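This is data16.cif. It holds mmCIF, C-alpha atoms.
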data_protein
loop_
_atom_site.label_atom_id
_atom_site.label_comp_id
_atom_site.auth_asym_id
_atom_site.auth_seq_id
_atom_site.Cartn_x
_atom_site.Cartn_y
_atom_site.Cartn_z
CA MET Z 1 9.25 8.64 31.86
CA GLY Z 2 11.30 10.68 29.42
CA TYR Z 3 12.23 10.34 25.77
CA ASN Z 4 15.36 9.95 23.70
CA ILE Z 5 15.29 12.66 21.04
CA PHE Z 6 16.67 12.21 17.54
CA ARG Z 7 16.52 15.24 15.26
CA ASN Z 8 17.66 16.59 11.93
CA ASP Z 9 17.40 20.38 12.12
CA ARG Z 10 17.32 22.61 9.08
CA VAL Z 11 20.44 24.77 9.05
CA GLY Z 12 20.43 28.39 7.89
CA LYS Z 13 16.68 28.61 7.21
CA PRO Z 14 13.63 28.80 9.45
CA GLY Z 15 11.11 25.97 9.61
CA GLY Z 16 11.52 22.42 8.41
CA GLY Z 17 13.49 19.72 10.13
CA VAL Z 18 12.36 16.31 11.41
CA LEU Z 19 12.38 14.70 14.84
CA LEU Z 20 11.72 11.32 16.43
CA ALA Z 21 11.05 10.86 20.15
CA VAL Z 22 11.45 7.34 21.57
CA LYS Z 23 10.58 6.42 25.15
CA GLN Z 24 13.68 5.83 27.23
CA HIS Z 25 12.82 2.25 28.18
CA ILE Z 26 12.91 1.22 24.49
CA LYS Z 27 16.30 0.17 23.17
CA CYS Z 28 17.08 2.16 20.05
CA ARG Z 29 19.86 3.73 18.03
CA GLU Z 30 20.08 6.36 15.32
CA ILE Z 31 21.02 4.87 11.96
CA LEU Z 32 20.40 7.67 9.45
CA ASN Z 33 20.43 11.45 9.74
CA LYS Z 34 20.85 13.49 6.60
CA THR Z 35 19.38 15.94 4.11
CA THR Z 36 19.62 15.12 0.43
CA ARG Z 37 17.94 16.91 -2.47
CA ASN Z 38 16.07 18.96 0.14
CA ASN Z 39 14.59 15.77 1.63
CA GLU Z 40 15.12 15.88 5.40
CA VAL Z 41 15.37 12.43 6.99
CA ILE Z 42 15.90 10.95 10.43
CA ALA Z 43 15.74 7.20 11.13
CA VAL Z 44 16.15 5.04 14.22
CA GLU Z 45 16.15 1.31 14.78
CA ILE Z 46 14.30 -0.04 17.80
CA GLU Z 47 14.50 -3.54 19.28
CA THR Z 48 11.33 -5.62 19.53
CA GLN Z 49 10.58 -9.14 20.64
CA THR Z 50 8.69 -10.07 17.50
CA PHE Z 51 10.71 -8.59 14.64
CA LYS Z 52 14.12 -8.33 16.35
CA SER Z 53 14.28 -4.75 15.14
CA ILE Z 54 12.12 -2.19 13.34
CA LEU Z 55 13.32 0.85 11.43
CA ILE Z 56 11.20 3.95 12.00
CA SER Z 57 11.87 7.02 9.89
CA SER Z 58 10.47 10.52 9.61
CA ILE Z 59 10.87 12.41 6.34
CA TYR Z 60 9.93 15.86 5.10
CA VAL Z 61 9.74 16.76 1.41
CA PRO Z 62 9.19 20.50 0.72
CA PRO Z 63 6.53 21.51 -1.84
CA THR Z 64 9.25 22.68 -4.23
CA ALA Z 65 11.27 19.43 -4.10
CA LYS Z 66 10.82 15.94 -5.49
CA ILE Z 67 10.81 12.79 -3.39
CA ASP Z 68 14.31 11.35 -3.34
CA LEU Z 69 13.32 7.73 -3.96
CA SER Z 70 16.88 6.56 -3.34
CA ILE Z 71 16.43 7.52 0.32
CA LEU Z 72 13.42 5.22 0.65
CA HIS Z 73 15.33 2.39 -1.01
CA GLU Z 74 18.26 3.03 1.34
CA LEU Z 75 16.00 2.86 4.39
CA TYR Z 76 14.48 -0.43 3.22
CA ASN Z 77 17.91 -1.89 2.49
CA ILE Z 78 19.07 -1.02 6.00
CA ASN Z 79 16.12 -2.88 7.52
CA ASN Z 80 13.26 -4.35 5.49
CA ASN Z 81 11.04 -4.14 8.59
CA CYS Z 82 10.43 -0.42 8.21
CA ILE Z 83 7.83 2.25 8.84
CA ILE Z 84 8.28 5.59 7.08
CA VAL Z 85 6.08 8.51 8.07
CA GLY Z 86 6.06 12.17 7.21
CA ASP Z 87 4.93 15.10 5.13
CA LEU Z 88 5.73 14.12 1.55
CA ASN Z 89 3.60 16.91 0.03
CA ALA Z 90 2.25 14.19 -2.27
CA THR Z 91 -1.40 14.19 -3.36
CA LEU Z 92 -3.18 11.20 -4.89
CA GLN Z 93 -6.59 11.34 -6.53
CA LEU Z 94 -7.06 7.69 -5.58
CA MET Z 95 -6.96 8.84 -1.95
CA GLY Z 96 -9.57 11.55 -2.41
CA SER Z 97 -7.43 14.49 -3.53
CA ARG Z 98 -8.57 16.69 -6.37
CA LYS Z 99 -5.58 15.69 -8.47
CA THR Z 100 -2.37 13.68 -8.39
CA ASN Z 101 0.67 15.95 -8.28
CA ALA Z 102 4.24 15.16 -9.34
CA ARG Z 103 5.19 13.77 -5.92
CA GLY Z 104 1.98 11.74 -5.92
CA LYS Z 105 3.06 10.12 -9.19
CA GLN Z 106 6.43 9.34 -7.61
CA LEU Z 107 4.63 7.76 -4.67
CA GLN Z 108 2.52 5.65 -7.04
CA GLU Z 109 5.63 4.38 -8.80
CA LEU Z 110 7.23 3.57 -5.46
CA ILE Z 111 4.21 1.54 -4.35
CA LYS Z 112 4.17 -0.30 -7.68
CA GLU Z 113 7.68 -1.56 -6.96
CA GLY Z 114 6.08 -3.66 -4.23
CA PHE Z 115 8.59 -3.37 -1.39
CA ILE Z 116 6.67 -0.64 0.42
CA GLU Z 117 2.95 0.07 0.80
CA CYS Z 118 0.86 2.93 2.14
CA VAL Z 119 -1.80 2.69 4.82
CA ASP Z 120 -5.22 2.77 3.17
CA ASP Z 121 -6.61 5.93 4.77
CA ASP Z 122 -7.95 8.86 2.76
CA SER Z 123 -8.43 11.34 5.61
CA THR Z 124 -7.11 14.81 4.84
CA THR Z 125 -4.09 15.78 6.95
CA PHE Z 126 -3.69 19.48 6.12
CA GLU Z 127 -6.13 22.37 6.05
CA LYS Z 128 -5.77 26.10 5.54
CA ASN Z 129 -8.59 28.52 4.78
CA ASP Z 130 -10.63 26.88 2.00
CA TYR Z 131 -7.93 24.35 1.11
CA GLU Z 132 -7.62 20.80 2.45
CA GLU Z 133 -5.51 17.89 1.28
CA LYS Z 134 -3.86 14.64 2.28
CA LEU Z 135 -0.13 15.46 2.35
CA ASP Z 136 1.11 13.24 5.20
CA TRP Z 137 1.62 9.52 4.71
CA ILE Z 138 2.26 6.32 6.62
CA LEU Z 139 4.34 3.88 4.57
CA ALA Z 140 5.41 0.44 5.73
CA SER Z 141 6.78 -2.85 4.49
CA GLN Z 142 5.13 -6.23 4.91
CA PRO Z 143 4.32 -7.75 7.31
CA LEU Z 144 4.43 -4.60 9.46
CA ILE Z 145 1.69 -2.81 7.53
CA SER Z 146 -0.77 -5.63 8.27
CA PHE Z 147 -0.36 -4.91 12.00
CA ILE Z 148 -1.02 -1.15 11.79
CA SER Z 149 -4.44 -0.30 13.18
CA ASN Z 150 -6.50 2.53 14.69
CA VAL Z 151 -5.17 5.14 12.27
CA GLU Z 152 -6.62 8.49 13.34
CA THR Z 153 -6.32 12.08 12.15
CA HIS Z 154 -6.67 14.63 14.95
CA LEU Z 155 -7.39 18.34 15.14
CA THR Z 156 -4.50 20.72 14.62
CA ILE Z 157 -2.55 21.52 17.78
CA GLY Z 158 -2.68 25.12 18.95
CA THR Z 159 -3.72 26.56 15.58
CA LEU Z 160 -6.86 26.72 13.48
CA SER Z 161 -5.08 25.52 10.36
CA GLY Z 162 -2.05 23.52 9.33
CA HIS Z 163 -1.05 19.87 9.58
CA LYS Z 164 -3.16 17.47 11.62
CA PRO Z 165 -1.43 14.93 13.88
CA LEU Z 166 -1.64 11.30 12.74
CA THR Z 167 -1.62 8.44 15.23
CA PHE Z 168 -1.71 4.67 14.83
CA ASP Z 169 -1.15 1.49 16.82
CA ILE Z 170 1.27 -1.31 16.01
CA PRO Z 171 1.61 -4.14 18.54
CA THR Z 172 5.11 -5.58 18.68
CA GLY Z 173 4.29 -8.63 20.79
CA VAL Z 174 2.19 -10.47 18.20
CA GLN Z 175 3.49 -13.16 15.93
CA PRO Z 176 4.08 -11.96 12.36
CA LYS Z 177 2.19 -13.60 9.55
CA PRO Z 178 4.31 -16.13 7.65
CA THR Z 179 5.32 -15.24 4.15
CA SER Z 180 2.70 -16.44 1.71
CA PRO Z 181 3.84 -19.35 -0.49
CA ARG Z 182 1.55 -18.16 -3.27
CA ILE Z 183 3.09 -16.79 -6.44
CA SER Z 184 1.57 -13.86 -8.30
CA LEU Z 185 1.24 -14.81 -11.97
CA ASN Z 186 0.81 -12.63 -15.04
CA PHE Z 187 -2.07 -14.43 -16.77
CA LYS Z 188 -2.30 -11.78 -19.48
CA ALA Z 189 1.14 -12.83 -20.73
CA ALA Z 190 0.41 -16.56 -20.47
CA LYS Z 191 1.10 -18.83 -23.45
CA TRP Z 192 -1.88 -21.12 -23.12
CA SER Z 193 -1.09 -23.39 -26.08
CA LYS Z 194 2.33 -24.03 -24.54
CA PHE Z 195 0.63 -24.67 -21.20
CA ARG Z 196 -1.62 -27.33 -22.77
CA ILE Z 197 1.25 -29.06 -24.57
CA LYS Z 198 3.42 -29.17 -21.46
CA LEU Z 199 0.53 -30.39 -19.32
CA ASP Z 200 -0.22 -33.19 -21.80
CA GLN Z 201 3.44 -34.23 -21.74
CA GLN Z 202 3.42 -34.40 -17.96
CA LEU Z 203 0.16 -36.35 -17.78
CA MET Z 204 1.53 -38.92 -20.24
CA LEU Z 205 4.11 -39.89 -17.61
CA TRP Z 206 1.45 -41.48 -15.43
CA ASN Z 207 1.12 -45.27 -15.56
CA ASN Z 208 -2.47 -45.81 -16.69
CA ASP Z 209 -2.29 -49.51 -15.89
CA GLY Z 210 -2.03 -48.78 -12.19
CA ARG Z 211 -4.91 -49.33 -9.77
CA PHE Z 212 -6.23 -47.31 -6.86
CA ASP Z 213 -6.42 -49.79 -4.02
CA SER Z 214 -5.83 -47.46 -1.08
CA THR Z 215 -6.00 -43.86 0.06
CA LEU Z 216 -2.22 -43.71 -0.41
CA ASP Z 217 -2.69 -44.45 -4.13
CA ILE Z 218 -5.24 -41.63 -4.39
CA GLU Z 219 -2.93 -39.20 -2.61
CA GLU Z 220 -0.07 -40.17 -4.93
CA TYR Z 221 -2.24 -39.53 -7.99
CA THR Z 222 -3.44 -36.19 -6.58
CA SER Z 223 0.15 -35.09 -5.99
CA PHE Z 224 1.06 -36.13 -9.54
CA ILE Z 225 -1.75 -34.01 -11.03
CA THR Z 226 -0.78 -31.02 -8.87
CA ASN Z 227 2.88 -31.27 -9.80
CA SER Z 228 1.99 -31.60 -13.49
CA ILE Z 229 -0.03 -28.37 -13.35
CA MET Z 230 2.80 -26.61 -11.51
CA VAL Z 231 5.36 -27.67 -14.12
CA ALA Z 232 3.12 -26.48 -16.96
CA THR Z 233 2.46 -23.21 -15.14
CA GLN Z 234 6.16 -22.51 -14.62
CA GLU Z 235 6.75 -23.24 -18.29
CA ALA Z 236 3.99 -21.07 -19.78
CA ILE Z 237 2.88 -18.41 -17.28
CA PRO Z 238 5.41 -15.76 -16.17
CA PRO Z 239 5.28 -14.31 -12.65
CA THR Z 240 4.02 -10.80 -12.10
CA GLN Z 241 6.88 -8.31 -12.05
CA GLN Z 242 5.16 -5.61 -10.03
CA MET Z 243 2.04 -4.95 -8.04
CA ASN Z 244 -0.83 -3.31 -9.83
CA THR Z 245 -2.01 -0.73 -7.32
CA SER Z 246 -3.64 1.73 -9.71
CA TYR Z 247 -7.20 1.61 -10.96
CA THR Z 248 -9.70 3.84 -12.72
CA LEU Z 249 -11.87 6.01 -10.54
CA SER Z 250 -15.59 5.73 -11.12
CA GLU Z 251 -17.60 8.78 -12.14
CA ALA Z 252 -19.32 8.58 -8.75
CA SER Z 253 -15.98 8.88 -6.92
CA LYS Z 254 -14.84 11.77 -9.12
CA ASN Z 255 -18.11 13.59 -8.47
CA LEU Z 256 -17.90 12.98 -4.71
CA ILE Z 257 -14.33 14.34 -4.63
CA LYS Z 258 -15.59 17.52 -6.29
CA LEU Z 259 -18.62 17.81 -3.99
CA LYS Z 260 -16.53 17.17 -0.87
CA HIS Z 261 -14.07 19.95 -1.67
CA GLN Z 262 -16.87 22.36 -2.63
CA ALA Z 263 -18.69 21.71 0.65
CA TYR Z 264 -15.44 22.19 2.58
CA ARG Z 265 -14.81 25.58 0.96
CA ARG Z 266 -18.37 26.75 1.68
CA TRP Z 267 -18.12 25.58 5.29
CA LYS Z 268 -14.80 27.34 5.94
CA LYS Z 269 -15.93 30.51 4.17
CA ALA Z 270 -19.37 30.94 5.76
CA GLY Z 271 -19.19 28.71 8.84
CA ASN Z 272 -22.56 27.18 7.99
CA ASN Z 273 -23.33 23.98 9.93
CA MET Z 274 -25.29 22.63 6.96
CA ASP Z 275 -22.16 22.84 4.79
CA LYS Z 276 -20.17 21.19 7.58
CA HIS Z 277 -22.68 18.35 7.73
CA GLN Z 278 -22.57 17.96 3.94
CA TYR Z 279 -18.76 17.89 3.97
CA TYR Z 280 -18.58 15.02 6.46
CA ASN Z 281 -21.40 13.21 4.68
CA TYR Z 282 -19.58 13.45 1.34
CA LYS Z 283 -16.38 12.33 3.06
CA VAL Z 284 -18.02 9.10 4.28
CA LEU Z 285 -19.64 8.51 0.90
CA LEU Z 286 -16.30 9.04 -0.86
CA THR Z 287 -14.54 6.54 1.40
CA ASN Z 288 -17.19 3.93 0.59
CA SER Z 289 -17.07 4.79 -3.12
CA LEU Z 290 -13.28 4.40 -3.28
CA ARG Z 291 -13.60 1.06 -1.51
CA ASN Z 292 -16.18 -0.02 -4.08
CA ASP Z 293 -13.86 1.08 -6.90
CA ARG Z 294 -11.11 -1.14 -5.52
CA ARG Z 295 -13.54 -4.04 -5.14
CA ASN Z 296 -14.83 -3.60 -8.69
CA ASN Z 297 -11.27 -3.53 -9.97
CA LEU Z 298 -10.60 -6.84 -8.24
CA ASN Z 299 -13.80 -8.33 -9.66
CA LYS Z 300 -12.76 -7.31 -13.18
CA LEU Z 301 -9.41 -8.99 -12.66
CA MET Z 302 -11.03 -12.19 -11.43
CA SER Z 303 -13.57 -12.22 -14.27
CA SER Z 304 -10.69 -12.12 -16.76
CA LEU Z 305 -9.72 -15.54 -15.41
CA CYS Z 306 -13.22 -17.00 -15.60
CA GLN Z 307 -13.93 -20.53 -16.78
CA LYS Z 308 -15.30 -19.35 -20.12
CA LYS Z 309 -12.00 -17.72 -21.02
CA MET Z 310 -9.91 -20.63 -19.77
CA TYR Z 311 -11.83 -23.09 -21.94
CA SER Z 312 -12.06 -20.95 -25.07
CA ASP Z 313 -10.64 -22.14 -28.39
CA ALA Z 314 -7.83 -19.61 -28.06
CA VAL Z 315 -6.62 -21.45 -24.97
CA TRP Z 316 -7.10 -25.07 -25.95
#
Take the structure from the file and write it as structure tokens.
Amino acid sequence: MGYNIFRNDRVGKPGGGVLLAVKQHIKCREILNKTTRNNEVIAVEIETQTFKSILISSIYVPPTAKIDLSILHELYNINNNCIIVGDLNATLQLMGSRKTNARGKQLQELIKEGFIECVDDDSTTFEKNDYEEKLDWILASQPLISFISNVETHLTIGTLSGHKPLTFDIPTGVQPKPTSPRISLNFKAAKWSKFRIKLDQQLMLWNNDGRFDSTLDIEEYTSFITNSIMVATQEAIPPTQQMNTSYTLSEASKNLIKLKHQAYRRWKKAGNNMDKHQYYNYKVLLTNSLRNDRRNNLNKLMSSLCQKKMYSDAVW
């Protein structure tokens, strides 16, 4: 079975260009093909049973260019069920790189906007001599990103160095998760005295002379309490404007990043199996350490909402 080929070739210069190959039995159409601010983009829309259609895009950003964020917004506006993959030449320390470069900072800001997320995988995707880095990214909107699985980084094809192929699975026959009814609230900006006053006002509306003679009466009272809290919350606690996806790396993670890159350089320079073993060992340890950093960040957030703080004099 053959493929339908969609390509955006670089004109007048060698190298570069992007291409998408879609199996012929899949209904698809090209919806975007352009180069802007040296960002080379190709995008197709494929039909699926679950999501009606999915936008898949490939993008290349040269090392000397910046990410044209307007392109990513344009792709999302065309179809908010989108997967964007490619070499962005963006490095993020939070993903195990030695530093966050300018394009990495752009990527961070994009993720903070909340409409697109990156697959949580810190495997390096490029290697050359004693240099290795994660430059290639898989970005996707919700709920698509929750269905992406089996992300793998493979050996370079036909060469000893360069970009490593990335593969992943995304089933299109499963039912998407429903949109969560939960609202993200900015508790740091909450006006707790206003919350208490509004809650008291709402609770005063209840008829205290009433009796609870049946389960229906109990359910009615429970709904009243819930609605009172919701009204007070809407009055005093603003919703979160953006996702907080950044956190502080622990000293352990910073040290493991350094040790991993040092072991990699020694391995590539001398070809010593001991250095190779150390490199992969540090890589596993770093993945676990970054996961712990994210967990600790979540625990700190939850502890800021602990019962002691909620019942402090400053609140009530």
Would you kindly return, as a short mmCIF file (atom, residue, chain, number, x, y, z; two decimals) with C-alpha atoms, keeping the file's coordinate frame, each protein, DNA or RNA residue with an atom no farther than 10 Å from any atom of Z:Ile71, considering all atoms listed in the file and excluding same-chain residues fewer than 3 positions away?
data_model
loop_
_atom_site.label_atom_id
_atom_site.label_comp_id
_atom_site.auth_asym_id
_atom_site.auth_seq_id
_atom_site.Cartn_x
_atom_site.Cartn_y
_atom_site.Cartn_z
CA LEU Z 32 20.40 7.67 9.45
CA LYS Z 34 20.85 13.49 6.60
CA THR Z 35 19.38 15.94 4.11
CA THR Z 36 19.62 15.12 0.43
CA ARG Z 37 17.94 16.91 -2.47
CA ASN Z 39 14.59 15.77 1.63
CA GLU Z 40 15.12 15.88 5.40
CA VAL Z 41 15.37 12.43 6.99
CA ILE Z 59 10.87 12.41 6.34
CA ILE Z 67 10.81 12.79 -3.39
CA ASP Z 68 14.31 11.35 -3.34
CA GLU Z 74 18.26 3.03 1.34
CA LEU Z 75 16.00 2.86 4.39
CA TYR Z 76 14.48 -0.43 3.22
CA ASN Z 77 17.91 -1.89 2.49
#
**Request:** Report as a ChimeraX atom specification the full result of the PyMOL selection byres ((chain Z and resi 191-207) around 8) when it is applied to this structure.
**Result:** /Z:189-190,208-210,224-225,228-229,231-233,235-237,314-316
**Request:** Provide the atom CA of Z:Ile46 to atom CA of Z:Ser149 distance in Å, to one decimal place.
**Result:** 19.3 Å
Run the PyMOL selection byres ((chain Z and resi 268) around 12) mentally over the shown coordinates, then write out the matched residues as a PDB file with C-alpha atoms, in the coordinates of the input, using the chain letters and numbers from the document.
ATOM      1  CA  GLU Z 127      -6.130  22.370   6.050  1.00  0.00           C
ATOM      2  CA  LYS Z 128      -5.770  26.100   5.540  1.00  0.00           C
ATOM      3  CA  ASN Z 129      -8.590  28.520   4.780  1.00  0.00           C
ATOM      4  CA  ASP Z 130     -10.630  26.880   2.000  1.00  0.00           C
ATOM      5  CA  TYR Z 131      -7.930  24.350   1.110  1.00  0.00           C
ATOM      6  CA  GLU Z 132      -7.620  20.800   2.450  1.00  0.00           C
ATOM      7  CA  LEU Z 160      -6.860  26.720  13.480  1.00  0.00           C
ATOM      8  CA  SER Z 161      -5.080  25.520  10.360  1.00  0.00           C
ATOM      9  CA  HIS Z 261     -14.070  19.950  -1.670  1.00  0.00           C
ATOM     10  CA  GLN Z 262     -16.870  22.360  -2.630  1.00  0.00           C
ATOM     11  CA  ALA Z 263     -18.690  21.710   0.650  1.00  0.00           C
ATOM     12  CA  TYR Z 264     -15.440  22.190   2.580  1.00  0.00           C
ATOM     13  CA  ARG Z 265     -14.810  25.580   0.960  1.00  0.00           C
ATOM     14  CA  ARG Z 266     -18.370  26.750   1.680  1.00  0.00           C
ATOM     15  CA  TRP Z 267     -18.120  25.580   5.290  1.00  0.00           C
ATOM     16  CA  LYS Z 269     -15.930  30.510   4.170  1.00  0.00           C
ATOM     17  CA  ALA Z 270     -19.370  30.940   5.760  1.00  0.00           C
ATOM     18  CA  GLY Z 271     -19.190  28.710   8.840  1.00  0.00           C
ATOM     19  CA  ASN Z 272     -22.560  27.180   7.990  1.00  0.00           C
ATOM     20  CA  ASN Z 273     -23.330  23.980   9.930  1.00  0.00           C
ATOM     21  CA  MET Z 274     -25.290  22.630   6.960  1.00  0.00           C
ATOM     22  CA  ASP Z 275     -22.160  22.840   4.790  1.00  0.00           C
ATOM     23  CA  LYS Z 276     -20.170  21.190   7.580  1.00  0.00           C
ATOM     24  CA  TYR Z 279     -18.760  17.890   3.970  1.00  0.00           C
TER      25      TYR Z 279
END
**Message:** At a cut-off of 10 Å around the point (-10.3, 15.4, -5.2) (file coordinates), what residues fall inside when counting all atoms listed in the file? I'd like the answer as a PyMOL selection string.
**Reply:** chain Z and resi 91-100+132-134+253-262+286
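Computed from the coordinates, the atom CA of Z:Thr215 to atom CA of Z:Met230 distance equals 22.6 Å.
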**Request:** Go through the shown structure with the PyMOL selection byres ((chain Z and resi 27) around 7) and write out the matching residues as a PyMOL selection string.
**Result:** chain Z and resi 25-26+28+46-47
**Item:** Residue neighbourhood Z:Ile170, 9 Å, all atoms listed in the file, exclusion window fewer than 3 positions, as a list in words
**Value:** Leu144, Ile145, Phe147, Ile148, Ser149 and Asn150 of chain Z
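Atom CA of Z:Thr167 to atom CA of Z:Leu55 spans 17.2 Å [interatomic distance, one decimal].
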